[in-house]
file upload_13.tsv (TSV, C-alpha atoms and all ligand atoms)
chain	number	residue	atom	x	y	z
J	1	MET	CA	101.89	158.07	40.90
J	2	GLY	CA	100.87	154.58	39.70
J	3	GLU	CA	100.05	151.60	41.88
J	4	GLU	CA	101.21	151.64	45.48
J	5	LYS	CA	104.22	149.50	46.44
J	6	PHE	CA	105.40	149.56	50.04
J	7	LEU	CA	108.98	148.75	50.97
J	8	VAL	CA	109.06	147.75	54.65
J	9	THR	CA	112.42	147.66	56.44
J	10	GLY	CA	112.54	145.16	59.30
J	11	ALA	CA	109.49	143.35	57.92
J	12	MET	CA	110.67	140.00	59.29
J	13	GLY	CA	109.96	141.50	62.73
J	14	CYS	CA	106.71	141.58	64.66
J	15	ILE	CA	105.20	144.90	63.57
J	16	GLY	CA	106.55	144.43	60.05
J	17	ALA	CA	104.89	141.05	59.64
J	18	TRP	CA	101.55	142.64	60.59
J	19	VAL	CA	102.18	145.52	58.19
J	20	VAL	CA	102.78	143.02	55.37
J	21	ARG	CA	99.61	141.11	56.30
J	22	ASN	CA	97.54	144.31	56.19
J	23	LEU	CA	99.07	145.45	52.90
J	24	LEU	CA	98.26	142.13	51.25
J	25	ARG	CA	94.72	142.31	52.61
J	26	ASP	CA	94.41	145.70	50.92
J	27	GLY	CA	95.70	144.14	47.68
J	28	VAL	CA	98.87	146.26	47.86
J	29	GLU	CA	102.33	145.03	46.91
J	30	ALA	CA	104.71	144.59	49.86
J	31	ILE	CA	108.49	144.41	49.60
J	32	ILE	CA	110.44	143.17	52.60
J	33	PHE	CA	113.85	144.67	53.25
J	34	ASP	CA	115.55	142.88	56.13
J	35	GLN	CA	118.98	141.51	56.92
J	36	SER	CA	117.37	138.35	58.25
J	37	ASP	CA	115.73	135.74	56.03
J	38	ASN	CA	113.94	134.15	58.98
J	39	ASP	CA	110.28	134.32	57.95
J	40	GLN	CA	108.88	132.51	61.01
J	41	ARG	CA	106.76	135.52	62.10
J	42	LEU	CA	105.36	136.02	58.60
J	43	LYS	CA	104.46	132.34	58.48
J	44	LEU	CA	102.33	132.77	61.60
J	45	LEU	CA	100.27	135.44	59.84
J	46	LEU	CA	100.25	134.49	56.16
J	47	ASN	CA	99.44	131.33	54.29
J	48	LYS	CA	101.84	129.95	51.67
J	49	ARG	CA	99.99	131.57	48.77
J	50	ALA	CA	100.09	135.01	50.37
J	51	LEU	CA	103.73	134.62	51.38
J	52	ALA	CA	104.68	133.73	47.81
J	53	LYS	CA	103.38	137.12	46.66
J	54	VAL	CA	105.81	139.06	48.85
J	55	GLN	CA	109.12	140.22	47.39
J	56	TYR	CA	112.09	139.80	49.73
J	57	ILE	CA	115.27	141.82	49.45
J	58	GLN	CA	118.02	140.89	51.85
J	59	GLY	CA	120.18	143.77	53.04
J	60	SER	CA	121.26	145.86	55.98
J	61	ILE	CA	120.19	149.42	56.70
J	62	THR	CA	123.75	150.00	57.87
J	63	ASN	CA	124.76	149.80	54.21
J	64	LEU	CA	123.46	152.79	52.23
J	65	ASP	CA	123.96	151.04	48.88
J	66	ASP	CA	121.77	148.12	49.99
J	67	ILE	CA	118.79	150.41	50.58
J	68	LYS	CA	119.39	152.56	47.52
J	69	LYS	CA	119.47	149.43	45.35
J	70	ALA	CA	116.36	148.05	47.05
J	71	LEU	CA	114.40	151.23	46.35
J	72	HIS	CA	115.58	151.28	42.75
J	73	GLN	CA	115.04	147.58	42.09
J	74	SER	CA	111.60	147.43	43.73
J	75	GLY	CA	110.16	150.66	42.37
J	76	ALA	CA	108.67	151.28	45.82
J	77	THR	CA	106.29	154.23	46.15
J	78	HIS	CA	106.17	154.23	49.98
J	79	VAL	CA	108.57	153.28	52.76
J	80	ILE	CA	107.78	152.04	56.25
J	81	HIS	CA	111.00	151.97	58.24
J	82	LEU	CA	110.90	149.56	61.19
J	83	ALA	CA	114.33	147.87	61.18
J	84	ALA	CA	116.06	148.42	64.51
J	85	LEU	CA	117.64	146.70	67.45
J	86	GLN	CA	115.32	146.67	70.44
J	87	PHE	CA	116.00	147.92	73.96
J	88	PRO	CA	117.85	144.86	75.39
J	89	PHE	CA	120.04	144.50	72.29
J	90	CYS	CA	121.10	148.17	72.42
J	91	ASN	CA	122.05	147.67	76.07
J	92	ALA	CA	124.02	144.55	75.23
J	93	ASP	CA	126.01	146.30	72.47
J	94	PRO	CA	125.56	150.11	72.42
J	95	GLY	CA	127.93	150.58	69.46
J	96	LEU	CA	126.05	148.13	67.28
J	97	GLY	CA	122.77	149.64	68.51
J	98	ALA	CA	123.91	153.07	67.32
J	99	GLN	CA	125.10	151.68	64.00
J	100	VAL	CA	121.75	150.05	63.25
J	101	ASN	CA	119.31	152.47	64.89
J	102	VAL	CA	121.09	155.80	64.27
J	103	VAL	CA	123.29	155.31	61.19
J	104	GLY	CA	120.79	152.87	59.66
J	105	THR	CA	117.93	155.35	59.97
J	106	ALA	CA	120.03	158.17	58.49
J	107	ASN	CA	120.79	155.80	55.58
J	108	VAL	CA	117.09	155.08	55.02
J	109	PHE	CA	116.35	158.82	54.85
J	110	GLU	CA	119.35	159.43	52.58
J	111	ALA	CA	118.26	156.65	50.22
J	112	ILE	CA	114.78	158.18	50.02
J	113	ARG	CA	116.29	161.61	49.36
J	114	SER	CA	118.49	160.32	46.57
J	115	ALA	CA	115.52	158.51	44.98
J	116	GLY	CA	114.11	161.95	44.10
J	117	ASN	CA	110.32	161.94	43.73
J	118	GLN	CA	110.01	158.15	43.72
J	119	ILE	CA	108.86	157.85	47.35
J	120	GLY	CA	105.49	159.48	47.89
J	121	GLY	CA	105.33	158.98	51.66
J	122	MET	CA	107.19	157.38	54.55
J	123	SER	CA	106.63	156.50	58.18
J	124	TYR	CA	109.22	155.26	60.65
J	125	ALA	CA	109.30	153.82	64.16
J	126	SER	CA	110.46	155.96	67.02
J	127	SER	CA	109.37	154.84	70.51
J	128	ILE	CA	107.95	156.15	73.74
J	129	ALA	CA	111.39	155.28	75.11
J	130	ALA	CA	112.47	158.60	73.55
J	131	TYR	CA	110.69	160.30	76.48
J	132	GLY	CA	112.62	158.57	79.27
J	133	PRO	CA	111.33	158.23	82.83
J	134	ASP	CA	107.77	159.24	83.62
J	135	HIS	CA	108.69	161.29	86.72
J	136	LEU	CA	110.53	163.83	84.54
J	137	TYR	CA	107.19	164.88	83.03
J	138	PRO	CA	104.88	166.35	85.68
J	139	GLN	CA	102.46	167.74	83.04
J	140	LYS	CA	100.05	165.07	81.76
J	141	PRO	CA	99.00	164.02	79.23
J	142	LEU	CA	102.44	164.16	77.65
J	143	GLN	CA	102.50	166.39	74.59
J	144	GLU	CA	104.34	165.27	71.48
J	145	ASP	CA	106.65	168.28	71.33
J	146	VAL	CA	107.96	168.52	74.92
J	147	PRO	CA	111.76	168.37	75.33
J	148	LEU	CA	112.81	164.73	75.61
J	149	HIS	CA	114.93	163.20	78.38
J	150	PRO	CA	115.70	159.61	77.39
J	151	ASP	CA	117.95	157.79	79.84
J	152	THR	CA	118.63	154.60	77.86
J	153	PHE	CA	120.70	153.89	74.74
J	154	TYR	CA	117.59	152.76	72.88
J	155	GLY	CA	115.61	155.88	73.82
J	156	THR	CA	118.53	158.15	72.96
J	157	TYR	CA	118.87	156.57	69.54
J	158	LYS	CA	115.13	156.95	68.89
J	159	GLN	CA	115.31	160.64	69.85
J	160	THR	CA	118.17	161.02	67.37
J	161	ASN	CA	115.98	159.40	64.69
J	162	GLU	CA	113.33	162.08	65.28
J	163	ASN	CA	115.97	164.82	64.98
J	164	THR	CA	117.40	163.17	61.87
J	165	ALA	CA	113.93	163.26	60.29
J	166	ARG	CA	113.60	166.98	61.10
J	167	VAL	CA	116.94	167.79	59.48
J	168	PHE	CA	116.08	165.76	56.37
J	169	TRP	CA	112.93	167.86	56.04
J	170	LYS	CA	114.75	171.15	56.71
J	171	GLU	CA	117.61	170.45	54.30
J	172	TRP	CA	115.95	168.42	51.53
J	173	LYS	CA	112.19	168.37	52.11
J	174	VAL	CA	112.05	164.63	52.80
J	175	GLY	CA	108.65	164.34	54.49
J	176	SER	CA	108.09	161.78	57.25
J	177	VAL	CA	105.79	160.62	60.02
J	178	GLY	CA	107.57	159.33	63.11
J	179	LEU	CA	105.43	157.08	65.30
J	180	ARG	CA	106.13	156.27	68.92
J	181	PRO	CA	104.82	152.77	69.71
J	182	ALA	CA	104.48	151.74	73.36
J	183	THR	CA	103.75	148.17	74.53
J	184	ILE	CA	103.00	146.28	71.32
J	185	TYR	CA	100.82	143.25	71.87
J	186	GLY	CA	99.85	140.30	69.65
J	187	VAL	CA	100.93	137.13	67.88
J	188	ALA	CA	104.59	137.35	66.72
J	189	ARG	CA	105.57	139.72	69.56
J	190	ASP	CA	108.20	137.35	70.85
J	191	GLN	CA	111.10	139.57	71.95
J	192	GLY	CA	111.86	142.89	73.61
J	193	LEU	CA	111.28	144.35	77.05
J	194	THR	CA	107.47	144.20	77.01
J	195	ALA	CA	106.86	140.95	75.13
J	196	GLY	CA	105.55	139.36	78.35
J	197	LEU	CA	101.88	140.22	77.64
J	198	SER	CA	101.97	138.40	74.30
J	199	LYS	CA	103.88	135.45	75.73
J	200	ALA	CA	101.35	135.21	78.57
J	201	THR	CA	98.61	134.86	75.93
J	202	LEU	CA	100.53	132.11	74.15
J	203	ALA	CA	100.97	130.42	77.55
J	204	ALA	CA	97.21	130.60	78.12
J	205	ALA	CA	96.60	129.08	74.67
J	206	VAL	CA	98.94	126.14	75.31
J	207	GLU	CA	97.85	125.85	78.97
J	208	GLN	CA	101.26	126.50	80.50
J	209	PRO	CA	102.07	128.73	83.51
J	210	PHE	CA	103.74	132.08	82.76
J	211	HIS	CA	105.14	134.95	84.82
J	212	ILE	CA	105.08	138.49	83.34
J	213	SER	CA	108.23	140.29	84.49
J	214	PHE	CA	106.53	143.66	85.07
J	215	GLY	CA	103.37	145.11	86.56
J	216	GLY	CA	101.61	148.45	86.89
J	217	PRO	CA	100.12	150.69	84.21
J	218	THR	CA	100.97	149.90	80.59
J	219	ALA	CA	100.23	151.70	77.32
J	220	PHE	CA	98.81	148.71	75.49
J	221	GLN	CA	98.75	148.66	71.68
J	222	TYR	CA	97.24	145.87	69.63
J	223	VAL	CA	99.71	145.15	66.84
J	224	ASP	CA	97.08	144.96	64.10
J	225	ASP	CA	96.03	148.56	64.92
J	226	THR	CA	99.69	149.60	65.02
J	227	ALA	CA	100.37	148.09	61.60
J	228	ARG	CA	97.40	149.93	60.08
J	229	ILE	CA	98.58	153.20	61.60
J	230	PHE	CA	102.06	152.79	60.06
J	231	ILE	CA	100.48	152.19	56.64
J	232	ASP	CA	98.04	155.09	56.89
J	233	ALA	CA	100.81	157.37	58.18
J	234	ALA	CA	102.99	156.59	55.14
J	235	ARG	CA	100.00	157.18	52.87
J	236	ALA	CA	99.46	160.59	54.46
J	237	ALA	CA	102.50	161.77	52.40
J	238	TRP	CA	103.22	164.31	55.11
J	239	LYS	CA	104.96	167.54	54.09
J	240	GLY	CA	107.10	168.05	57.16
J	241	ALA	CA	108.69	165.92	59.88
J	242	ILE	CA	105.86	165.22	62.29
J	243	VAL	CA	106.21	162.90	65.29
J	244	CYS	CA	103.14	161.25	66.76
J	245	ASN	CA	102.34	159.46	69.95
J	246	MET	CA	100.16	156.48	69.16
J	247	HIS	CA	96.64	155.83	70.29
J	248	ASN	CA	96.64	153.22	73.02
J	249	ILE	CA	94.67	151.71	75.83
J	250	VAL	CA	96.12	152.41	79.26
J	251	THR	CA	95.62	149.30	81.27
J	252	ASP	CA	97.17	147.83	84.38
J	253	VAL	CA	98.92	144.50	83.95
J	254	ARG	CA	96.50	143.25	86.61
J	255	GLU	CA	93.53	144.19	84.37
J	256	PHE	CA	95.22	142.54	81.40
J	257	VAL	CA	95.72	139.30	83.35
J	258	GLU	CA	92.09	139.37	84.56
J	259	THR	CA	90.88	139.88	80.98
J	260	LEU	CA	93.00	136.99	79.76
J	261	GLN	CA	91.85	134.74	82.58
J	262	GLY	CA	88.23	135.66	81.85
J	263	LEU	CA	88.73	134.34	78.31
J	264	ALA	CA	90.91	131.35	79.30
J	265	PRO	CA	89.78	130.29	82.78
J	266	ASN	CA	92.53	127.62	83.08
J	267	ALA	CA	95.33	130.12	82.45
J	268	GLN	CA	97.99	130.31	85.17
J	269	ILE	CA	99.42	133.77	84.65
J	270	THR	CA	101.22	135.78	87.33
J	271	TYR	CA	103.05	139.11	87.15
J	272	GLU	CA	105.71	141.08	89.01
J	273	LYS	CA	103.66	143.48	91.12
J	274	ASN	CA	106.58	145.67	92.23
J	275	SER	CA	108.33	146.18	88.91
J	276	LYS	CA	106.84	149.00	86.85
J	277	LEU	CA	107.91	149.71	83.27
J	278	PRO	CA	110.27	152.69	83.06
J	279	PHE	CA	108.06	154.57	80.56
J	280	PRO	CA	105.18	157.06	80.72
J	281	VAL	CA	101.69	155.87	79.76
J	282	ASP	CA	99.58	159.02	79.52
J	283	PHE	CA	100.08	160.56	76.06
J	284	ASP	CA	98.37	163.19	74.01
J	285	CYS	CA	97.81	161.92	70.45
J	286	LYS	CA	96.69	165.07	68.65
J	287	ASN	CA	99.35	164.82	65.92
J	288	LEU	CA	98.16	161.35	64.99
J	289	ARG	CA	94.58	162.58	64.67
J	290	ARG	CA	95.82	165.36	62.37
J	291	ILE	CA	97.26	162.91	59.88
J	292	ILE	CA	94.86	159.94	60.26
J	293	PRO	CA	91.26	161.03	60.68
J	294	THR	CA	90.06	157.59	61.86
J	295	VAL	CA	92.60	155.94	64.12
J	296	PRO	CA	92.02	152.19	64.60
J	297	LEU	CA	91.68	151.21	68.28
J	298	THR	CA	90.56	147.65	69.10
J	299	PRO	CA	89.14	147.38	72.64
J	300	LEU	CA	91.25	145.40	75.14
J	301	THR	CA	88.94	142.37	75.48
J	302	GLU	CA	88.57	142.07	71.70
J	303	ALA	CA	92.34	142.37	71.14
J	304	VAL	CA	93.11	139.75	73.80
J	305	GLY	CA	90.36	137.49	72.43
J	306	LYS	CA	91.63	137.72	68.83
J	307	THR	CA	95.19	137.05	69.94
J	308	LEU	CA	94.18	134.08	72.09
J	309	ASP	CA	92.09	132.62	69.25
J	310	LEU	CA	94.95	132.93	66.77
J	311	PHE	CA	97.46	131.38	69.22
J	312	ARG	CA	95.03	128.50	69.86
J	313	LYS	CA	94.61	127.91	66.13
J	314	LEU	CA	98.39	128.02	65.57
J	315	ALA	CA	98.96	125.66	68.53
J	316	SER	CA	96.37	123.19	67.19
J	317	GLU	CA	98.26	123.18	63.86
J	318	GLY	CA	101.59	122.65	65.67
J	319	ARG	CA	102.88	126.08	64.53
J	320	VAL	CA	103.52	127.49	68.03
J	321	ASN	CA	104.38	125.70	71.24
J	322	SER	CA	105.59	126.27	74.78
J	323	GLU	CA	109.25	126.49	73.64
J	324	GLN	CA	108.45	130.01	72.42
J	325	LEU	CA	107.77	131.05	76.02
J	326	GLU	CA	111.50	131.11	76.85
M	401	LIG	N1	107.64	146.06	69.79
M	401	LIG	C1	107.46	147.15	70.53
M	401	LIG	O1	106.80	147.11	71.60
M	401	LIG	C2	108.01	148.46	70.09
M	401	LIG	C3	107.82	149.59	70.92
M	401	LIG	C4	108.35	150.80	70.52
M	401	LIG	C5	109.02	150.91	69.31
M	401	LIG	N2	109.20	149.81	68.53
M	401	LIG	C6	109.95	149.97	67.27
M	401	LIG	O2	109.17	149.46	66.19
M	401	LIG	C7	110.04	148.86	65.21
M	401	LIG	C8	109.61	147.44	64.93
M	401	LIG	O3	109.57	146.72	66.16
M	401	LIG	P1	109.39	145.14	66.19
M	401	LIG	O4	108.81	144.79	67.51
M	401	LIG	O5	108.72	144.68	64.95
M	401	LIG	O6	110.93	144.69	66.16
M	401	LIG	P2	111.56	143.25	65.89
M	401	LIG	O7	112.77	143.17	66.75
M	401	LIG	O8	110.53	142.19	65.97
M	401	LIG	O9	112.02	143.35	64.35
M	401	LIG	C9	113.07	144.15	63.92
M	401	LIG	C10	113.50	143.67	62.53
M	401	LIG	O10	114.58	144.51	62.09
M	401	LIG	C11	115.52	143.67	61.42
M	401	LIG	N3	116.83	144.29	61.44
M	401	LIG	C12	117.65	144.46	62.52
M	401	LIG	N4	118.79	145.03	62.13
M	401	LIG	C13	118.70	145.24	60.78
M	401	LIG	C14	119.56	145.80	59.81
M	401	LIG	N5	120.77	146.26	60.14
M	401	LIG	N6	119.14	145.88	58.53
M	401	LIG	C15	117.92	145.39	58.17
M	401	LIG	N7	117.07	144.82	59.05
M	401	LIG	C16	117.46	144.75	60.34
M	401	LIG	C17	115.49	142.36	62.19
M	401	LIG	O11	116.01	141.29	61.42
M	401	LIG	C18	114.01	142.22	62.50
M	401	LIG	O12	113.35	141.47	61.50
M	401	LIG	C19	111.45	148.99	65.76
M	401	LIG	O13	112.04	150.16	65.22
M	401	LIG	C20	111.24	149.16	67.24
M	401	LIG	O14	112.31	149.84	67.85
M	401	LIG	C21	108.71	148.59	68.89

call {"tool": "encode", "arguments": {"input": "upload_13.tsv", "output": "structure tokens", "more": "lines below"}}
Ligand SMILES: NC(=O)c1ccc[n+]([C@@H]2O[C@H](COP(=O)([O-])OP(=O)(O)OC[C@H]3O[C@@H](n4cnc5c(N)ncnc54)[C@H](O)[C@@H]3O)[C@@H](O)[C@H]2O)c1
result
Amino acid sequence: MGEEKFLVTGAMGCIGAWVVRNLLRDGVEAIIFDQSDNDQRLKLLLNKRALAKVQYIQGSITNLDDIKKALHQSGATHVIHLAALQFPFCNADPGLGAQVNVVGTANVFEAIRSAGNQIGGMSYASSIAAYGPDHLYPQKPLQEDVPLHPDTFYGTYKQTNENTARVFWKEWKVGSVGLRPATIYGVARDQGLTAGLSKATLAAAVEQPFHISFGGPTAFQYVDDTARIFIDAARAAWKGAIVCNMHNIVTDVREFVETLQGLAPNAQITYEKNSKLPFPVDFDCKNLRRIIPTVPLTPLTEAVGKTLDLFRKLASEGRVNSEQLE
């Protein structure tokens, strides 16, 4: 295989923008496949020169031809599949959620299959929401291969994605690494159930009060680490359909707020003490260590510090403001 070229579905989103940033830093070509042409998240992370290097293909994963054409036209060697509707959007419209998250993911796998040997490796986003409520799993840490009991549309669709990947391996030997992110944290994390930690950091940077709508233990993942893991997982060119929990730092929202306030003493951040997230936090990550020998894991204080610094810089340049707290 010649030079690496990564096609990233959903790359206008938060994790995707960080994946693109990391690929460019590695000197690797990145191709964005997204139905949206809103590049506001990318613009937070890339300068104009870097952004100009990125190829953008507009299309929907709900349309098989769109993805097939994108793979053909781009000559991609790897795929990172992130495009999806998040938890609240699946609740708001379960049919559309299934179309994008379930049918769309089957289309991505089918496009890779029909591209023959073109794609050397792929990773895709599942979610810890595939597990469902913590109390259904008395045995901790949670193993990757326990039977899943999702109780939300979003979690159910993610479980189906994992099963879809298994069948694509069984029937046609399409190899994949499914990753289950938890609470993604960092600049550009502006929507979804757990975006409150990132918004609180923006609030601290622009010296505005902010209330995080949940409390309790949280499986915290710094988005830069997450992006690297998606890239390394695709590069692993896995022969099989493995699903991995992701390395994370289990912190309490209280500890997060204390860390943030230690770094920004004027911050006025509060949180909902009696509203815990409906997901487990204690995961075994042995599958991830099998495919990525060195898993990036930025310590909490460093991750919060880097995020705060970047938000402060962006605020001083007028590129983020308190309107993004809504
Ligand atoms: N952010 C988290 O905390 C978290 C946690 C667990 C799992 N995940 C999963 O990780 C992936 C990326 O998450 P994110 O936070 O970057 O999401 P995001 O909502 O920021 O971005 C999703 C992107 O997908 C695109 N998209 C939506 N429908 C599409 C379609 N039909 N065709 C093409 N593109 C489409 C959107 O335009 C958007 O750019 C998703 O699959 C998500 O479910 C995220």

call {"tool": "residues_around", "arguments": {"input": "upload_13.tsv", "residues": "stretch 57-64 of chain J", "least_positions_apart": "5", "cutoff": "12 Å", "atoms": "only C-alpha atoms", "output": "short mmCIF file (atom, residue, chain, number, x, y, z; two decimals) with C-alpha atoms, in the coordinates of the input"}}
result
data_model
loop_
_atom_site.label_atom_id
_atom_site.label_comp_id
_atom_site.auth_asym_id
_atom_site.auth_seq_id
_atom_site.Cartn_x
_atom_site.Cartn_y
_atom_site.Cartn_z
CA LEU J 7 108.98 148.75 50.97
CA VAL J 8 109.06 147.75 54.65
CA THR J 9 112.42 147.66 56.44
CA GLY J 10 112.54 145.16 59.30
CA ALA J 11 109.49 143.35 57.92
CA MET J 12 110.67 140.00 59.29
CA ALA J 30 104.71 144.59 49.86
CA ILE J 31 108.49 144.41 49.60
CA ILE J 32 110.44 143.17 52.60
CA PHE J 33 113.85 144.67 53.25
CA ASP J 34 115.55 142.88 56.13
CA GLN J 35 118.98 141.51 56.92
CA SER J 36 117.37 138.35 58.25
CA ASP J 37 115.73 135.74 56.03
CA ASN J 38 113.94 134.15 58.98
CA ASP J 39 110.28 134.32 57.95
CA LYS J 69 119.47 149.43 45.35
CA ALA J 70 116.36 148.05 47.05
CA LEU J 71 114.40 151.23 46.35
CA HIS J 72 115.58 151.28 42.75
CA GLN J 73 115.04 147.58 42.09
CA SER J 74 111.60 147.43 43.73
CA HIS J 81 111.00 151.97 58.24
CA LEU J 82 110.90 149.56 61.19
CA ALA J 83 114.33 147.87 61.18
CA ALA J 84 116.06 148.42 64.51
CA LEU J 85 117.64 146.70 67.45
CA LEU J 96 126.05 148.13 67.28
CA GLY J 97 122.77 149.64 68.51
CA ALA J 98 123.91 153.07 67.32
CA GLN J 99 125.10 151.68 64.00
CA VAL J 100 121.75 150.05 63.25
CA ASN J 101 119.31 152.47 64.89
CA VAL J 102 121.09 155.80 64.27
CA VAL J 103 123.29 155.31 61.19
CA GLY J 104 120.79 152.87 59.66
CA THR J 105 117.93 155.35 59.97
CA ALA J 106 120.03 158.17 58.49
CA ASN J 107 120.79 155.80 55.58
CA VAL J 108 117.09 155.08 55.02
CA PHE J 109 116.35 158.82 54.85
CA GLU J 110 119.35 159.43 52.58
CA ALA J 111 118.26 156.65 50.22
CA ILE J 112 114.78 158.18 50.02
CA ARG J 113 116.29 161.61 49.36
CA SER J 114 118.49 160.32 46.57
#

call {"tool": "closest_residue", "arguments": {"input": "upload_13.tsv", "among": "J:Ala130, J:Leu46, J:Leu148, J:Leu297", "to": "ligand LIG 401 (chain M)", "atoms": "only C-alpha atoms and all ligand atoms"}}
result
J:Ala130

call {"tool": "closest_residue", "arguments": {"input": "upload_13.tsv", "among": "J:Trp238, J:Phe283, J:Phe6, J:Phe220", "to": "ligand LIG 401 (chain M)", "atoms": "all atoms listed in the file"}}
result
J:Phe220

call {"tool": "atom_distance", "arguments": {"input": "upload_13.tsv", "atom1": "atom CA of J:Asn22", "atom2": "atom CA of J:Ile231"}}
result
8.4 Å

call {"tool": "residues_near_point", "arguments": {"input": "upload_13.tsv", "point": "(94.1, 145.2, 63.1)", "cutoff": "9 Å", "atoms": "all atoms listed in the file", "output": "list of chain:residue names"}}
result
J:Trp18, J:Asn22, J:Tyr222, J:Val223, J:Asp224, J:Asp225, J:Thr226, J:Ala227, J:Arg228, J:Pro296, J:Leu297, J:Thr298, J:Ala303

call {"tool": "closest_residue", "arguments": {"input": "upload_13.tsv", "among": "J:Lys170, J:Lys306, J:Lys286, J:Lys43", "to": "J:Pro141", "atoms": "all atoms listed in the file"}}
result
J:Lys286

call {"tool": "residues_around", "arguments": {"input": "upload_13.tsv", "residues": "J:Glu323", "least_positions_apart": "6", "cutoff": "12 Å", "atoms": "all atoms listed in the file", "output": "PyMOL selection string"}}
result
chain J and resi 190+199+202-203+206+208+315

call {"tool": "residues_near_point", "arguments": {"input": "upload_13.tsv", "point": "(111.3, 160.7, 43.3)", "cutoff": "12 Å", "atoms": "all atoms listed in the file", "output": "PyMOL selection string"}}
result
chain J and resi 1+71-72+75-78+111-121+173-174

call {"tool": "closest_residue", "arguments": {"input": "upload_13.tsv", "among": "J:Pro181, J:Pro293, J:Gly27, J:Pro88", "to": "ligand LIG 401 (chain M)", "atoms": "all atoms listed in the file"}}
result
J:Pro181

call {"tool": "closest_residue", "arguments": {"input": "upload_13.tsv", "among": "J:Thr294, J:Gln143, J:Asn266, J:Ser127", "to": "J:Arg180", "atoms": "all atoms listed in the file"}}
result
J:Ser127

call {"tool": "closest_residue", "arguments": {"input": "upload_13.tsv", "among": "J:Asn274, J:Ser176, J:Gln324, J:Asn245", "to": "ligand LIG 401 (chain M)", "atoms": "all atoms listed in the file"}}
result
J:Asn245

call {"tool": "axis_aligned_box", "arguments": {"input": "upload_13.tsv", "around": "ligand LIG 401 (chain M)", "padding_each_side": "5 Å", "output": "JSON"}}
result
{"center_x": 113.8, "center_y": 146.1, "center_z": 64.9, "size_x": 24.0, "size_y": 19.6, "size_z": 23.4}

call {"tool": "residues_around", "arguments": {"input": "upload_13.tsv", "residues": "J:Tyr131", "least_positions_apart": "5", "cutoff": "10 Å", "atoms": "all atoms listed in the file", "output": "VMD selection string"}}
result
chain J and resid 136 to 137 142 144 146 to 152 155 to 156 158 to 159 180 279 to 280

call {"tool": "atom_distance", "arguments": {"input": "upload_13.tsv", "atom1": "atom CA of J:Val167", "atom2": "atom CA of J:Tyr124"}}
result
14.8 Å

call {"tool": "residues_around", "arguments": {"input": "upload_13.tsv", "residues": "J:Gln268", "least_positions_apart": "6", "cutoff": "12 Å", "atoms": "only C-alpha atoms", "output": "list in words"}}
result
Ala200, Thr201, Leu202, Ala203, Ala204, Ala205, Val206, Glu207, Gln208, Pro209, Phe210, His211, Ile212, Val257, Glu258, Leu260, Gln261 and Gly262 of chain J

call {"tool": "atom_distance", "arguments": {"input": "upload_13.tsv", "atom1": "atom N5 of ligand LIG 401 (chain M)", "atom2": "atom CA of J:Gly240"}}
result
25.9 Å

call {"tool": "build_atoms", "arguments": {"input": "upload_13.tsv", "residues": "stretch 109-120 of chain J", "atoms": "N, CA and C atoms", "output": "PDB file, in the frame of the given file"}}
result
ATOM      1  N   PHE J 109     116.768 157.483  55.301  1.00  0.00           N
ATOM      2  CA  PHE J 109     116.350 158.820  54.850  1.00  0.00           C
ATOM      3  C   PHE J 109     117.174 159.270  53.637  1.00  0.00           C
ATOM      4  N   GLU J 110     118.472 158.996  53.690  1.00  0.00           N
ATOM      5  CA  GLU J 110     119.350 159.430  52.580  1.00  0.00           C
ATOM      6  C   GLU J 110     118.973 158.685  51.289  1.00  0.00           C
ATOM      7  N   ALA J 111     118.654 157.411  51.414  1.00  0.00           N
ATOM      8  CA  ALA J 111     118.260 156.650  50.220  1.00  0.00           C
ATOM      9  C   ALA J 111     116.966 157.219  49.636  1.00  0.00           C
ATOM     10  N   ILE J 112     116.048 157.590  50.511  1.00  0.00           N
ATOM     11  CA  ILE J 112     114.780 158.180  50.020  1.00  0.00           C
ATOM     12  C   ILE J 112     115.073 159.516  49.340  1.00  0.00           C
ATOM     13  N   ARG J 113     115.939 160.314  49.967  1.00  0.00           N
ATOM     14  CA  ARG J 113     116.290 161.610  49.360  1.00  0.00           C
ATOM     15  C   ARG J 113     116.880 161.402  47.966  1.00  0.00           C
ATOM     16  N   SER J 114     117.818 160.444  47.873  1.00  0.00           N
ATOM     17  CA  SER J 114     118.490 160.320  46.570  1.00  0.00           C
ATOM     18  C   SER J 114     117.593 159.647  45.529  1.00  0.00           C
ATOM     19  N   ALA J 115     116.455 159.090  45.957  1.00  0.00           N
ATOM     20  CA  ALA J 115     115.520 158.510  44.980  1.00  0.00           C
ATOM     21  C   ALA J 115     114.628 159.598  44.353  1.00  0.00           C
ATOM     22  N   GLY J 116     114.871 160.851  44.704  1.00  0.00           N
ATOM     23  CA  GLY J 116     114.110 161.950  44.100  1.00  0.00           C
ATOM     24  C   GLY J 116     112.644 161.879  44.458  1.00  0.00           C
ATOM     25  N   ASN J 117     111.764 161.937  43.449  1.00  0.00           N
ATOM     26  CA  ASN J 117     110.320 161.940  43.730  1.00  0.00           C
ATOM     27  C   ASN J 117     109.709 160.550  43.814  1.00  0.00           C
ATOM     28  N   GLN J 118     110.561 159.517  43.775  1.00  0.00           N
ATOM     29  CA  GLN J 118     110.010 158.150  43.720  1.00  0.00           C
ATOM     30  C   GLN J 118     109.142 157.823  44.932  1.00  0.00           C
ATOM     31  N   ILE J 119     109.569 158.230  46.123  1.00  0.00           N
ATOM     32  CA  ILE J 119     108.860 157.850  47.350  1.00  0.00           C
ATOM     33  C   ILE J 119     107.837 158.927  47.705  1.00  0.00           C
ATOM     34  N   GLY J 120     106.575 158.524  47.653  1.00  0.00           N
ATOM     35  CA  GLY J 120     105.490 159.480  47.890  1.00  0.00           C
ATOM     36  C   GLY J 120     105.200 159.712  49.360  1.00  0.00           C
TER      37      GLY J 120
END
